[in-house]
file start-v5.tsv (TSV, C-alpha atoms)
chain	number	residue	atom	x	y	z
A	145	PHE	CA	-63.72	34.70	-43.92
A	146	ILE	CA	-63.04	31.11	-42.92
A	147	VAL	CA	-59.54	30.05	-41.80
A	148	SER	CA	-58.39	26.50	-41.09
A	149	ASP	CA	-56.85	25.35	-37.87
A	150	TRP	CA	-53.10	24.67	-38.10
A	151	ASN	CA	-52.78	21.84	-40.65
A	152	GLY	CA	-56.55	21.43	-40.51
A	153	CYS	CA	-56.94	21.30	-44.30
A	154	HIS	CA	-56.28	17.85	-45.80
A	155	GLY	CA	-57.08	18.30	-49.49
A	156	THR	CA	-57.15	21.14	-52.02
A	157	VAL	CA	-60.42	20.24	-53.75
A	158	GLU	CA	-62.26	19.32	-50.58
A	159	CYS	CA	-61.23	22.50	-48.75
A	160	ALA	CA	-61.86	24.87	-51.65
A	161	ARG	CA	-65.27	23.45	-52.50
A	162	GLY	CA	-66.12	23.33	-48.82
A	163	GLY	CA	-65.68	27.10	-48.55
A	164	LEU	CA	-62.30	27.37	-46.81
A	165	ASP	CA	-60.89	30.80	-47.67
A	166	MET	CA	-57.42	30.50	-46.13
A	167	THR	CA	-55.21	27.62	-44.97
A	168	GLN	CA	-52.77	27.84	-42.06
A	169	PRO	CA	-50.00	27.87	-41.07
A	170	GLU	CA	-48.89	28.37	-44.69
A	171	ALA	CA	-50.20	27.94	-48.25
A	172	GLY	CA	-50.00	24.15	-48.10
A	173	TRP	CA	-52.89	22.70	-50.08
A	174	TYR	CA	-53.53	26.13	-51.61
A	175	SER	CA	-50.00	26.52	-52.96
A	176	ASP	CA	-49.39	27.23	-56.66
A	177	THR	CA	-48.15	23.67	-57.13
A	178	ASN	CA	-51.43	22.23	-55.85
A	179	LEU	CA	-53.90	24.78	-57.19
A	180	GLN	CA	-52.72	25.60	-60.71
A	181	PRO	CA	-53.19	22.10	-62.24
A	182	LEU	CA	-56.67	21.87	-60.71
A	183	ILE	CA	-57.62	25.27	-62.08
A	184	ALA	CA	-56.21	24.37	-65.50
A	185	ASN	CA	-58.25	21.15	-65.78
A	186	GLY	CA	-61.40	22.76	-64.39
A	187	THR	CA	-61.59	20.73	-61.17
A	188	VAL	CA	-61.44	23.98	-59.19
A	189	PRO	CA	-63.13	26.77	-61.20
A	190	THR	CA	-61.55	30.22	-61.41
A	191	SER	CA	-64.79	31.74	-60.14
A	192	LEU	CA	-64.39	29.83	-56.89
A	193	ILE	CA	-60.81	31.03	-56.45
A	194	ASN	CA	-61.96	34.60	-57.07
A	195	LYS	CA	-64.65	34.22	-54.42
A	196	LEU	CA	-62.19	32.91	-51.84
A	197	ALA	CA	-59.77	35.73	-52.60
A	198	ILE	CA	-62.51	38.37	-52.32
A	199	ASN	CA	-63.53	36.95	-48.93
A	200	VAL	CA	-59.96	37.31	-47.67
A	201	LEU	CA	-59.44	40.82	-49.04
A	202	THR	CA	-62.82	42.29	-48.06
A	203	PRO	CA	-61.88	43.05	-44.39
A	204	TRP	CA	-58.68	44.77	-45.60
A	205	TYR	CA	-60.65	47.29	-47.64
A	206	MET	CA	-63.59	47.49	-45.24
A	207	LEU	CA	-61.24	48.62	-42.44
A	208	GLY	CA	-59.46	51.10	-44.70
A	209	GLN	CA	-56.12	49.36	-44.42
A	210	ASP	CA	-55.31	50.45	-47.96
A	211	GLN	CA	-55.64	54.14	-47.04
A	212	SER	CA	-53.17	55.62	-44.53
A	213	TYR	CA	-53.79	52.88	-42.01
A	214	PRO	CA	-51.64	53.49	-38.89
A	215	GLY	CA	-48.57	51.34	-38.54
A	216	LEU	CA	-47.72	49.14	-35.58
A	217	THR	CA	-46.44	50.91	-32.46
A	218	MET	CA	-45.03	47.80	-30.77
A	219	ASP	CA	-43.18	44.74	-31.94
A	220	TRP	CA	-43.48	41.09	-30.97
A	221	ASN	CA	-41.08	41.28	-28.02
A	222	GLY	CA	-41.91	44.80	-26.77
A	223	ALA	CA	-38.62	46.50	-27.59
A	224	PRO	CA	-37.75	49.29	-25.11
A	225	ALA	CA	-37.93	51.95	-27.85
A	226	LEU	CA	-41.64	51.28	-28.31
A	227	PRO	CA	-44.57	52.17	-26.02
A	228	TYR	CA	-44.82	50.34	-22.71
A	229	VAL	CA	-48.28	48.75	-22.75
A	230	ARG	CA	-48.18	46.46	-19.71
A	231	LYS	CA	-49.19	49.23	-17.27
A	232	ASN	CA	-49.85	47.67	-13.85
A	233	HIS	CA	-50.73	44.22	-15.18
A	234	HIS	CA	-48.07	42.69	-12.92
A	235	ILE	CA	-50.42	43.36	-10.00
A	236	ILE	CA	-53.16	41.30	-11.60
A	237	ALA	CA	-50.66	38.60	-12.60
A	238	ARG	CA	-49.49	38.27	-8.99
A	239	GLN	CA	-53.08	38.13	-7.70
A	240	ILE	CA	-53.98	35.38	-10.18
A	241	ALA	CA	-50.80	33.42	-9.40
A	242	GLY	CA	-51.63	33.33	-5.69
A	243	GLU	CA	-55.40	32.89	-5.72
A	244	SER	CA	-55.25	30.09	-8.32
A	245	ILE	CA	-53.02	27.87	-6.16
A	246	VAL	CA	-54.71	24.66	-5.00
A	247	MET	CA	-54.05	23.56	-1.43
A	248	LEU	CA	-54.00	19.76	-1.50
A	249	LYS	CA	-52.87	19.25	2.08
A	250	ASN	CA	-52.22	21.31	5.20
A	251	ASN	CA	-51.67	19.79	8.62
A	252	GLY	CA	-51.75	23.26	10.19
A	253	ILE	CA	-48.26	24.40	9.25
A	254	LEU	CA	-49.64	27.04	6.88
A	255	PRO	CA	-49.63	29.96	6.90
A	256	LEU	CA	-46.04	30.63	7.92
A	257	THR	CA	-46.37	33.63	10.22
A	258	PHE	CA	-42.92	33.96	11.77
A	259	PRO	CA	-40.96	37.18	11.03
A	260	ARG	CA	-37.98	37.25	8.71
A	261	GLY	CA	-34.87	35.73	10.24
A	262	SER	CA	-36.62	34.21	13.26
A	263	SER	CA	-36.70	30.70	11.76
A	264	ARG	CA	-34.46	28.81	9.38
A	265	VAL	CA	-36.21	28.37	6.04
A	266	GLY	CA	-34.82	26.17	3.28
A	267	VAL	CA	-35.94	25.77	-0.31
A	268	TYR	CA	-34.99	22.61	-2.19
A	269	GLY	CA	-35.14	21.50	-5.80
A	270	SER	CA	-33.88	22.66	-9.18
A	271	SER	CA	-37.44	23.78	-9.96
A	272	SER	CA	-37.20	26.56	-7.39
A	273	GLY	CA	-34.86	28.69	-9.53
A	274	TYR	CA	-34.21	29.82	-13.08
A	275	PRO	CA	-33.66	27.28	-15.88
A	276	SER	CA	-30.04	26.34	-16.42
A	277	GLY	CA	-29.91	28.14	-19.77
A	278	GLY	CA	-31.44	31.34	-18.42
A	279	LEU	CA	-34.81	33.03	-18.90
A	280	ASN	CA	-36.23	32.92	-22.45
A	281	SER	CA	-33.36	30.69	-23.52
A	282	GLN	CA	-35.39	27.84	-25.01
A	283	SER	CA	-37.36	27.62	-28.24
A	284	ALA	CA	-41.09	28.03	-27.51
A	285	GLN	CA	-40.29	28.01	-23.75
A	286	LYS	CA	-39.36	24.30	-23.84
A	287	TYR	CA	-37.49	24.07	-20.55
A	288	GLU	CA	-36.22	20.86	-19.03
A	289	ASP	CA	-35.43	22.36	-15.64
A	290	GLY	CA	-36.09	25.42	-13.53
A	291	SER	CA	-39.34	26.98	-12.36
A	292	LEU	CA	-42.10	26.78	-14.98
A	293	GLY	CA	-44.55	29.61	-15.63
A	294	MET	CA	-46.05	28.12	-18.79
A	295	GLY	CA	-45.93	24.98	-20.90
A	296	TRP	CA	-44.17	24.96	-24.27
A	297	GLY	CA	-45.47	25.42	-27.78
A	298	SER	CA	-46.36	27.83	-30.55
A	299	GLY	CA	-48.71	29.84	-28.33
A	300	THR	CA	-46.06	30.86	-25.82
A	301	ALA	CA	-44.51	34.30	-25.31
A	302	TRP	CA	-41.27	35.72	-23.95
A	303	TYR	CA	-41.23	36.65	-20.28
A	304	PRO	CA	-40.57	40.35	-19.60
A	305	TYR	CA	-39.28	39.06	-16.24
A	306	TYR	CA	-39.88	36.03	-14.02
A	307	ILE	CA	-40.04	35.76	-10.24
A	308	THR	CA	-38.86	32.33	-9.12
A	309	PRO	CA	-39.95	30.71	-5.85
A	310	ALA	CA	-36.38	30.90	-4.49
A	311	ALA	CA	-36.10	34.63	-5.26
A	312	ALA	CA	-39.41	35.50	-3.62
A	313	LEU	CA	-38.78	33.27	-0.58
A	314	GLN	CA	-35.33	34.80	-0.12
A	315	SER	CA	-36.87	38.27	-0.14
A	316	VAL	CA	-39.54	37.43	2.43
A	317	PHE	CA	-37.86	34.94	4.78
A	318	GLY	CA	-34.14	35.12	4.06
A	319	LEU	CA	-33.23	31.57	3.12
A	320	THR	CA	-30.92	29.56	5.34
A	321	VAL	CA	-30.62	26.84	2.67
A	322	ASN	CA	-31.09	26.97	-1.10
A	323	PHE	CA	-30.40	23.42	-2.30
A	324	THR	CA	-30.82	22.81	-6.05
A	325	ASN	CA	-29.19	19.40	-6.67
A	326	ASN	CA	-32.07	16.93	-6.99
A	327	TRP	CA	-29.77	13.95	-7.43
A	328	ASN	CA	-27.52	14.18	-4.36
A	329	ILE	CA	-29.94	12.62	-1.91
A	330	ALA	CA	-27.44	12.31	0.97
A	331	ALA	CA	-26.63	16.01	0.72
A	332	ALA	CA	-30.35	16.83	0.51
A	333	ARG	CA	-30.94	15.13	3.85
A	334	THR	CA	-28.07	17.03	5.43
A	335	ALA	CA	-29.34	20.33	4.05
A	336	ALA	CA	-32.93	19.61	5.12
A	337	ALA	CA	-31.84	18.97	8.68
A	338	GLN	CA	-30.50	22.56	8.82
A	339	ALA	CA	-33.96	24.15	8.37
A	340	ASP	CA	-36.96	24.63	10.61
A	341	VAL	CA	-39.19	24.62	7.52
A	342	ALA	CA	-38.28	22.85	4.27
A	343	ILE	CA	-40.01	23.92	1.05
A	344	VAL	CA	-39.47	21.44	-1.80
A	345	VAL	CA	-40.38	22.63	-5.31
A	346	VAL	CA	-40.75	19.91	-7.95
A	347	SER	CA	-42.04	20.07	-11.51
A	348	ALA	CA	-43.03	18.30	-14.69
A	349	ASN	CA	-43.36	19.95	-18.07
A	350	ALA	CA	-45.73	19.45	-21.00
A	351	GLY	CA	-46.56	21.25	-24.20
A	352	GLU	CA	-47.33	21.07	-27.90
A	353	GLY	CA	-46.42	17.79	-29.58
A	354	TYR	CA	-43.96	19.11	-32.15
A	355	LEU	CA	-41.15	19.47	-29.59
A	356	VAL	CA	-39.48	16.96	-27.29
A	357	SER	CA	-38.42	17.90	-23.77
A	358	ASP	CA	-36.40	15.42	-21.73
A	359	GLY	CA	-37.75	12.59	-23.91
A	360	ASN	CA	-41.38	13.76	-23.64
A	361	LEU	CA	-43.09	14.53	-26.96
A	362	GLY	CA	-45.75	17.06	-25.96
A	363	ASP	CA	-47.63	15.05	-23.36
A	364	ARG	CA	-45.79	13.55	-20.43
A	365	ASN	CA	-44.55	9.96	-20.59
A	366	ASN	CA	-45.70	9.18	-17.05
A	367	LEU	CA	-47.27	10.66	-13.92
A	368	SER	CA	-44.00	11.17	-12.04
A	369	VAL	CA	-42.53	14.55	-11.21
A	370	TRP	CA	-39.30	15.13	-13.13
A	371	HIS	CA	-35.65	15.21	-12.13
A	372	ASN	CA	-35.75	12.68	-9.29
A	373	GLY	CA	-38.32	14.84	-7.51
A	374	ASN	CA	-39.99	12.02	-5.58
A	375	ASP	CA	-36.70	10.84	-4.08
A	376	LEU	CA	-35.80	14.42	-3.20
A	377	ILE	CA	-39.10	14.95	-1.36
A	378	GLN	CA	-38.78	11.68	0.53
A	379	ALA	CA	-35.20	12.50	1.54
A	380	VAL	CA	-36.13	15.94	2.86
A	381	ALA	CA	-39.27	14.71	4.63
A	382	SER	CA	-37.37	11.87	6.30
A	383	VAL	CA	-35.39	14.37	8.41
A	384	ASN	CA	-37.73	17.38	8.49
A	385	PRO	CA	-41.36	17.00	9.64
A	386	ASN	CA	-42.13	20.55	8.48
A	387	THR	CA	-41.78	19.75	4.78
A	388	ILE	CA	-43.98	21.68	2.35
A	389	VAL	CA	-44.18	20.38	-1.23
A	390	VAL	CA	-44.90	22.73	-4.13
A	391	LEU	CA	-46.10	21.03	-7.32
A	392	ASN	CA	-45.19	23.04	-10.41
A	393	VAL	CA	-46.97	20.64	-12.78
A	394	PRO	CA	-49.50	20.64	-15.67
A	395	GLY	CA	-51.84	17.99	-14.25
A	396	ALA	CA	-52.17	14.99	-11.98
A	397	VAL	CA	-49.00	13.42	-10.59
A	398	ASN	CA	-48.32	10.45	-8.35
A	399	MET	CA	-47.60	11.44	-4.73
A	400	PRO	CA	-46.10	8.41	-2.95
A	401	TRP	CA	-44.76	10.72	-0.22
A	402	LEU	CA	-48.13	12.37	0.58
A	403	ASP	CA	-48.45	10.97	4.12
A	404	SER	CA	-44.91	12.05	4.99
A	405	VAL	CA	-45.17	15.81	4.35
A	406	ALA	CA	-46.88	18.63	6.22
A	407	ALA	CA	-48.46	20.48	3.29
A	408	VAL	CA	-48.85	20.29	-0.48
A	409	LEU	CA	-49.57	23.22	-2.79
A	410	LEU	CA	-50.26	22.89	-6.51
A	411	THR	CA	-49.30	26.02	-8.43
A	412	GLY	CA	-49.80	24.69	-11.94
A	413	TYR	CA	-48.15	27.08	-14.39
A	414	ALA	CA	-48.77	30.44	-12.73
A	415	GLY	CA	-46.96	32.84	-15.07
A	416	GLN	CA	-44.28	35.46	-14.47
A	417	GLU	CA	-45.35	36.16	-10.86
A	418	THR	CA	-45.13	32.50	-9.81
A	419	GLY	CA	-42.72	33.16	-6.94
A	420	TRP	CA	-44.67	36.05	-5.43
A	421	GLY	CA	-47.97	34.19	-5.82
A	422	LEU	CA	-46.55	31.20	-3.95
A	423	THR	CA	-45.04	33.36	-1.20
A	424	ASP	CA	-48.31	35.25	-0.74
A	425	VAL	CA	-50.04	31.94	-0.02
A	426	LEU	CA	-47.28	30.61	2.24
A	427	THR	CA	-47.46	33.75	4.40
A	428	GLY	CA	-51.26	33.86	4.51
A	429	ALA	CA	-51.52	37.15	2.60
A	430	VAL	CA	-53.62	35.38	-0.05
A	431	ASN	CA	-56.11	32.56	0.32
A	432	PRO	CA	-55.37	29.70	-2.11
A	433	SER	CA	-58.74	29.56	-3.86
A	434	GLY	CA	-57.94	27.23	-6.75
A	435	LYS	CA	-59.94	24.05	-7.28
A	436	LEU	CA	-58.90	20.89	-9.08
A	437	VAL	CA	-60.61	20.24	-12.41
A	438	TYR	CA	-59.56	16.58	-12.29
A	439	THR	CA	-59.22	13.91	-9.61
A	440	ILE	CA	-55.78	12.86	-8.41
A	441	ALA	CA	-55.73	9.18	-7.47
A	442	LYS	CA	-54.06	8.03	-4.28
A	443	GLN	CA	-52.27	5.42	-6.38
A	444	GLU	CA	-52.04	5.07	-10.15
A	445	SER	CA	-53.90	1.75	-10.21
A	446	ASP	CA	-57.02	3.57	-8.93
A	447	TYR	CA	-57.58	5.30	-12.28
A	448	ALA	CA	-60.33	3.91	-14.52
A	449	ALA	CA	-57.97	2.94	-17.34
A	450	LYS	CA	-54.33	2.25	-17.93
A	451	ILE	CA	-52.87	5.28	-19.66
A	452	LEU	CA	-51.16	4.50	-22.96
A	453	TYR	CA	-47.93	6.41	-22.60
A	454	CYS	CA	-46.20	4.73	-25.53
A	455	LEU	CA	-47.71	5.13	-29.00
A	456	PRO	CA	-45.17	4.96	-31.86
A	457	ALA	CA	-47.47	6.89	-34.20
A	458	VAL	CA	-47.19	10.02	-32.06
A	459	ASN	CA	-44.13	9.44	-29.88
A	460	HIS	CA	-40.96	8.90	-31.86
A	461	ASN	CA	-39.12	7.84	-28.70
A	462	CYS	CA	-41.49	4.91	-28.28
A	463	ASN	CA	-40.37	1.40	-29.25
A	464	ASP	CA	-43.42	-0.53	-28.05
A	465	PRO	CA	-44.96	-2.38	-31.03
A	466	GLY	CA	-48.27	-3.00	-29.24
A	467	PRO	CA	-50.82	-4.47	-29.61
A	468	TYR	CA	-52.98	-1.79	-28.03
A	469	PRO	CA	-56.36	-2.48	-26.46
A	470	THR	CA	-59.65	-1.43	-27.98
A	471	LEU	CA	-61.20	1.28	-25.83
A	472	ASN	CA	-64.95	1.10	-25.38
A	473	TYR	CA	-66.34	4.38	-24.11
A	474	ASP	CA	-69.06	2.84	-21.97
A	475	ASP	CA	-68.44	4.90	-18.82
A	476	GLY	CA	-71.66	6.89	-19.13
A	477	VAL	CA	-71.62	9.59	-16.45
A	478	ASN	CA	-69.12	7.65	-14.33
A	479	ILE	CA	-66.01	9.56	-15.31
A	480	ASP	CA	-63.45	11.31	-13.13
A	481	TYR	CA	-64.74	11.74	-9.56
A	482	ARG	CA	-67.94	9.83	-10.34
A	483	TYR	CA	-65.85	6.81	-11.31
A	484	PHE	CA	-63.85	7.03	-8.07
A	485	ASP	CA	-67.09	7.20	-6.09
A	486	LYS	CA	-68.52	4.22	-7.93
A	487	ALA	CA	-65.32	2.17	-7.56
A	488	GLY	CA	-64.86	3.12	-3.92
A	489	ALA	CA	-61.32	4.26	-4.73
call {"tool": "encode", "arguments": {"input": "start-v5.tsv", "output": "structure tokens"}}
result
Amino acid sequence: FIVSDWNGCHGTVECARGGLDMTQPEAGWYSDTNLQPLIANGTVPTSLINKLAINVLTPWYMLGQDQSYPGLTMDWNGAPALPYVRKNHHIIARQIAGESIVMLKNNGILPLTFPRGSSRVGVYGSSSGYPSGGLNSQSAQKYEDGSLGMGWGSGTAWYPYYITPAAALQSVFGLTVNFTNNWNIAAARTAAAQADVAIVVVSANAGEGYLVSDGNLGDRNNLSVWHNGNDLIQAVASVNPNTIVVLNVPGAVNMPWLDSVAAVLLTGYAGQETGWGLTDVLTGAVNPSGKLVYTIAKQESDYAAKILYCLPAVNHNCNDPGPYPTLNYDDGVNIDYRYFDKAGA
């Protein structure tokens, strides 16, 4: 049977006559209030309603769900009393987390091959640890700080556990410094000077547009990393030439500090094994095999169009009345990297 996308139905008569059997996420246009008057006046015939209902119920009977069908043996959050179904999936999760990392820069500092305790390793940034409210503490995983394994929204799930970059790095190297205050730049410089290698983890979050995180409704408001991340990176790099930046981000970001750091790794949102995946790449145990699916400009003005970050119709935090330009999609094949090639950017 045919099911709508979430809020994809925009009219009772149109959807019913068009053959839509079920609306989601709830009755909506097919509610009693909407349907009964239309059935009563003949706009939507009873025969059509019967057909839609039969389409929905047919799989139920075809699969024998009306006759001793087995009940569920697990619940939505995998309660301990129910069967453990994850098996050894954590191994695959760790492999994916490491191999999917994109190496954007390496001046030769990677991999880090020194044994534990032989060099002073520091990790910097609030995005290297757990969110301030704790794991699984936010609705639909809408975190404003901490290491990010997924974006937010209705398709998210609870973590059974989460390995942060700081936890994994501590286990492998034994951290000399674990600095998590992104806003105390003077202290960041002092802390960075205490390490032979400085690993700075910064992030930006994004998700489904029904929730707001740190003033961002779904999509990000700009291409900056969050929580003063750029200033933190520049402070650390100014006193430590062996600075490695880890980008825990959903897409392209501005990197004004790129020439000042030794290496840049983009993890994206790597899931519950984020920390181990990152550490496997840093130590050379795993080759970072990820590839960008978009071009990151050296400077924001190099992009083909100015991004409209502020649209009142979709962003309730926006107070820009416009006017907004008309966009003519006349790029042809010259999009993304082809545009950069054509523009010489």
call {"tool": "closest_residue", "arguments": {"input": "start-v5.tsv", "among": "A:Tyr303, A:Gly155, A:Val265, A:Ile245", "to": "A:Thr411", "atoms": "only C-alpha atoms"}}
result
A:Ile245
call {"tool": "residues_around", "arguments": {"input": "start-v5.tsv", "residues": "A:Tyr305", "least_positions_apart": "6", "cutoff": "12 Å", "atoms": "all atoms listed in the file", "output": "compact mmCIF listing (two decimals) with C-alpha atoms, in the coordinates of the input"}}
result
# COMPACT_ATOMS: atom_id res chain seq x y z
CA HIS A 234 -48.07 42.69 -12.92
CA ALA A 237 -50.66 38.60 -12.60
CA TYR A 274 -34.21 29.82 -13.08
CA GLY A 278 -31.44 31.34 -18.42
CA LEU A 279 -34.81 33.03 -18.90
CA ASN A 280 -36.23 32.92 -22.45
CA GLY A 293 -44.55 29.61 -15.63
CA GLY A 415 -46.96 32.84 -15.07
CA GLN A 416 -44.28 35.46 -14.47
CA GLU A 417 -45.35 36.16 -10.86
CA THR A 418 -45.13 32.50 -9.81
CA GLY A 419 -42.72 33.16 -6.94
call {"tool": "atom_distance", "arguments": {"input": "start-v5.tsv", "atom1": "atom CA of A:Arg482", "atom2": "atom CA of A:Asn398"}}
result
19.7 Å
call {"tool": "residues_near_point", "arguments": {"input": "start-v5.tsv", "point": "(-35.7, 23.0, -8.2)", "cutoff": "7 Å", "atoms": "all atoms listed in the file", "output": "PyMOL selection string"}}
result
chain A and resi 268-273+290-291+324+345-346
call {"tool": "residues_around", "arguments": {"input": "start-v5.tsv", "residues": "stretch 362-373 of chain A", "least_positions_apart": "4", "cutoff": "8 Å", "atoms": "only C-alpha atoms", "output": "VMD selection string"}}
result
chain A and resid 269 289 326 to 327 346 to 357 377 393 396 to 398 453 to 454
call {"tool": "residues_around", "arguments": {"input": "start-v5.tsv", "residues": "A:Tyr483", "least_positions_apart": "5", "cutoff": "10 Å", "atoms": "all atoms listed in the file", "output": "ChimeraX atom specification"}}
result
/A:439,446-448,475-478,488-489
call {"tool": "closest_residue", "arguments": {"input": "start-v5.tsv", "among": "A:Thr423, A:Asn185, A:Arg238, A:Leu402", "to": "A:Gln314", "atoms": "only C-alpha atoms"}}
result
A:Thr423
call {"tool": "residues_around", "arguments": {"input": "start-v5.tsv", "residues": "A:Arg260", "least_positions_apart": "5", "cutoff": "10 Å", "atoms": "only C-alpha atoms", "output": "MDAnalysis selection string"}}
result
chainID A and resid 265 314:319
call {"tool": "atom_distance", "arguments": {"input": "start-v5.tsv", "atom1": "atom CA of A:Arg264", "atom2": "atom CA of A:Leu426"}}
result
14.8 Å
call {"tool": "closest_residue", "arguments": {"input": "start-v5.tsv", "among": "A:Tyr473, A:Trp420, A:Tyr213, A:Phe145", "to": "A:Leu196", "atoms": "all atoms listed in the file"}}
result
A:Phe145
call {"tool": "closest_residue", "arguments": {"input": "start-v5.tsv", "among": "A:Thr320, A:Ser298, A:Asn384, A:Asn374", "to": "A:Arg333", "atoms": "only C-alpha atoms"}}
result
A:Asn384
call {"tool": "atom_distance", "arguments": {"input": "start-v5.tsv", "atom1": "atom CA of A:Ala339", "atom2": "atom CA of A:Gly266"}}
result
5.5 Å
call {"tool": "residues_near_point", "arguments": {"input": "start-v5.tsv", "point": "(-44.0, 14.1, 0.6)", "cutoff": "10 Å", "atoms": "only C-alpha atoms", "output": "ChimeraX atom specification"}}
result
/A:344,373-382,385,387-390,399-408
call {"tool": "closest_residue", "arguments": {"input": "start-v5.tsv", "among": "A:Asp358, A:Asp165, A:Asp424, A:Glu243", "to": "A:Ile198", "atoms": "all atoms listed in the file"}}
result
A:Asp165
call {"tool": "decode", "arguments": {"input": "start-v5.tsv", "residues": "stretch 262-268 of chain A", "atoms": "all heavy atoms", "output": "mmCIF file, in the first residue's frame"}}
result
data_model
loop_
_atom_site.group_PDB
_atom_site.id
_atom_site.type_symbol
_atom_site.label_atom_id
_atom_site.label_comp_id
_atom_site.auth_asym_id
_atom_site.auth_seq_id
_atom_site.Cartn_x
_atom_site.Cartn_y
_atom_site.Cartn_z
ATOM 1 N N SER A 262 55.924 8.409 25.941
ATOM 2 C CA SER A 262 57.221 8.928 25.503
ATOM 3 C C SER A 262 57.139 10.369 25.026
ATOM 4 O O SER A 262 58.155 11.051 24.908
ATOM 5 C CB SER A 262 57.787 8.055 24.377
ATOM 6 O OG SER A 262 56.947 8.118 23.238
ATOM 7 N N SER A 263 55.940 10.848 24.715
ATOM 8 C CA SER A 263 55.734 12.236 24.303
ATOM 9 C C SER A 263 54.516 12.798 25.016
ATOM 10 O O SER A 263 53.616 12.056 25.417
ATOM 11 C CB SER A 263 55.543 12.335 22.783
ATOM 12 O OG SER A 263 56.713 11.983 22.096
ATOM 13 N N ARG A 264 54.493 14.102 25.143
ATOM 14 C CA ARG A 264 53.369 14.760 25.811
ATOM 15 C C ARG A 264 52.293 15.072 24.780
ATOM 16 O O ARG A 264 52.518 15.839 23.841
ATOM 17 C CB ARG A 264 53.854 16.037 26.486
ATOM 18 C CG ARG A 264 54.854 15.798 27.622
ATOM 19 C CD ARG A 264 55.454 17.096 28.110
ATOM 20 N NE ARG A 264 56.190 17.785 27.047
ATOM 21 C CZ ARG A 264 56.704 18.998 27.154
ATOM 22 N NH1 ARG A 264 56.579 19.671 28.285
ATOM 23 N NH2 ARG A 264 57.353 19.548 26.135
ATOM 24 N N VAL A 265 51.140 14.452 24.946
ATOM 25 C CA VAL A 265 50.022 14.625 24.016
ATOM 26 C C VAL A 265 48.905 15.368 24.719
ATOM 27 O O VAL A 265 48.517 15.013 25.837
ATOM 28 C CB VAL A 265 49.514 13.262 23.508
ATOM 29 C CG1 VAL A 265 48.307 13.445 22.588
ATOM 30 C CG2 VAL A 265 50.621 12.516 22.784
ATOM 31 N N GLY A 266 48.391 16.410 24.068
ATOM 32 C CA GLY A 266 47.273 17.171 24.613
ATOM 33 C C GLY A 266 46.092 17.133 23.671
ATOM 34 O O GLY A 266 46.261 17.133 22.452
ATOM 35 N N VAL A 267 44.896 17.086 24.232
ATOM 36 C CA VAL A 267 43.682 17.201 23.427
ATOM 37 C C VAL A 267 42.922 18.424 23.921
ATOM 38 O O VAL A 267 42.823 18.670 25.121
ATOM 39 C CB VAL A 267 42.808 15.929 23.489
ATOM 40 C CG1 VAL A 267 42.318 15.645 24.895
ATOM 41 C CG2 VAL A 267 41.628 16.031 22.529
ATOM 42 N N TYR A 268 42.402 19.211 22.996
ATOM 43 C CA TYR A 268 41.823 20.510 23.310
ATOM 44 C C TYR A 268 40.450 20.630 22.655
ATOM 45 O O TYR A 268 40.237 20.165 21.540
ATOM 46 C CB TYR A 268 42.740 21.640 22.810
ATOM 47 C CG TYR A 268 44.153 21.505 23.318
ATOM 48 C CD1 TYR A 268 45.055 20.656 22.683
ATOM 49 C CD2 TYR A 268 44.577 22.190 24.444
ATOM 50 C CE1 TYR A 268 46.348 20.494 23.164
ATOM 51 C CE2 TYR A 268 45.868 22.049 24.932
ATOM 52 C CZ TYR A 268 46.746 21.193 24.287
ATOM 53 O OH TYR A 268 48.020 21.040 24.769
#
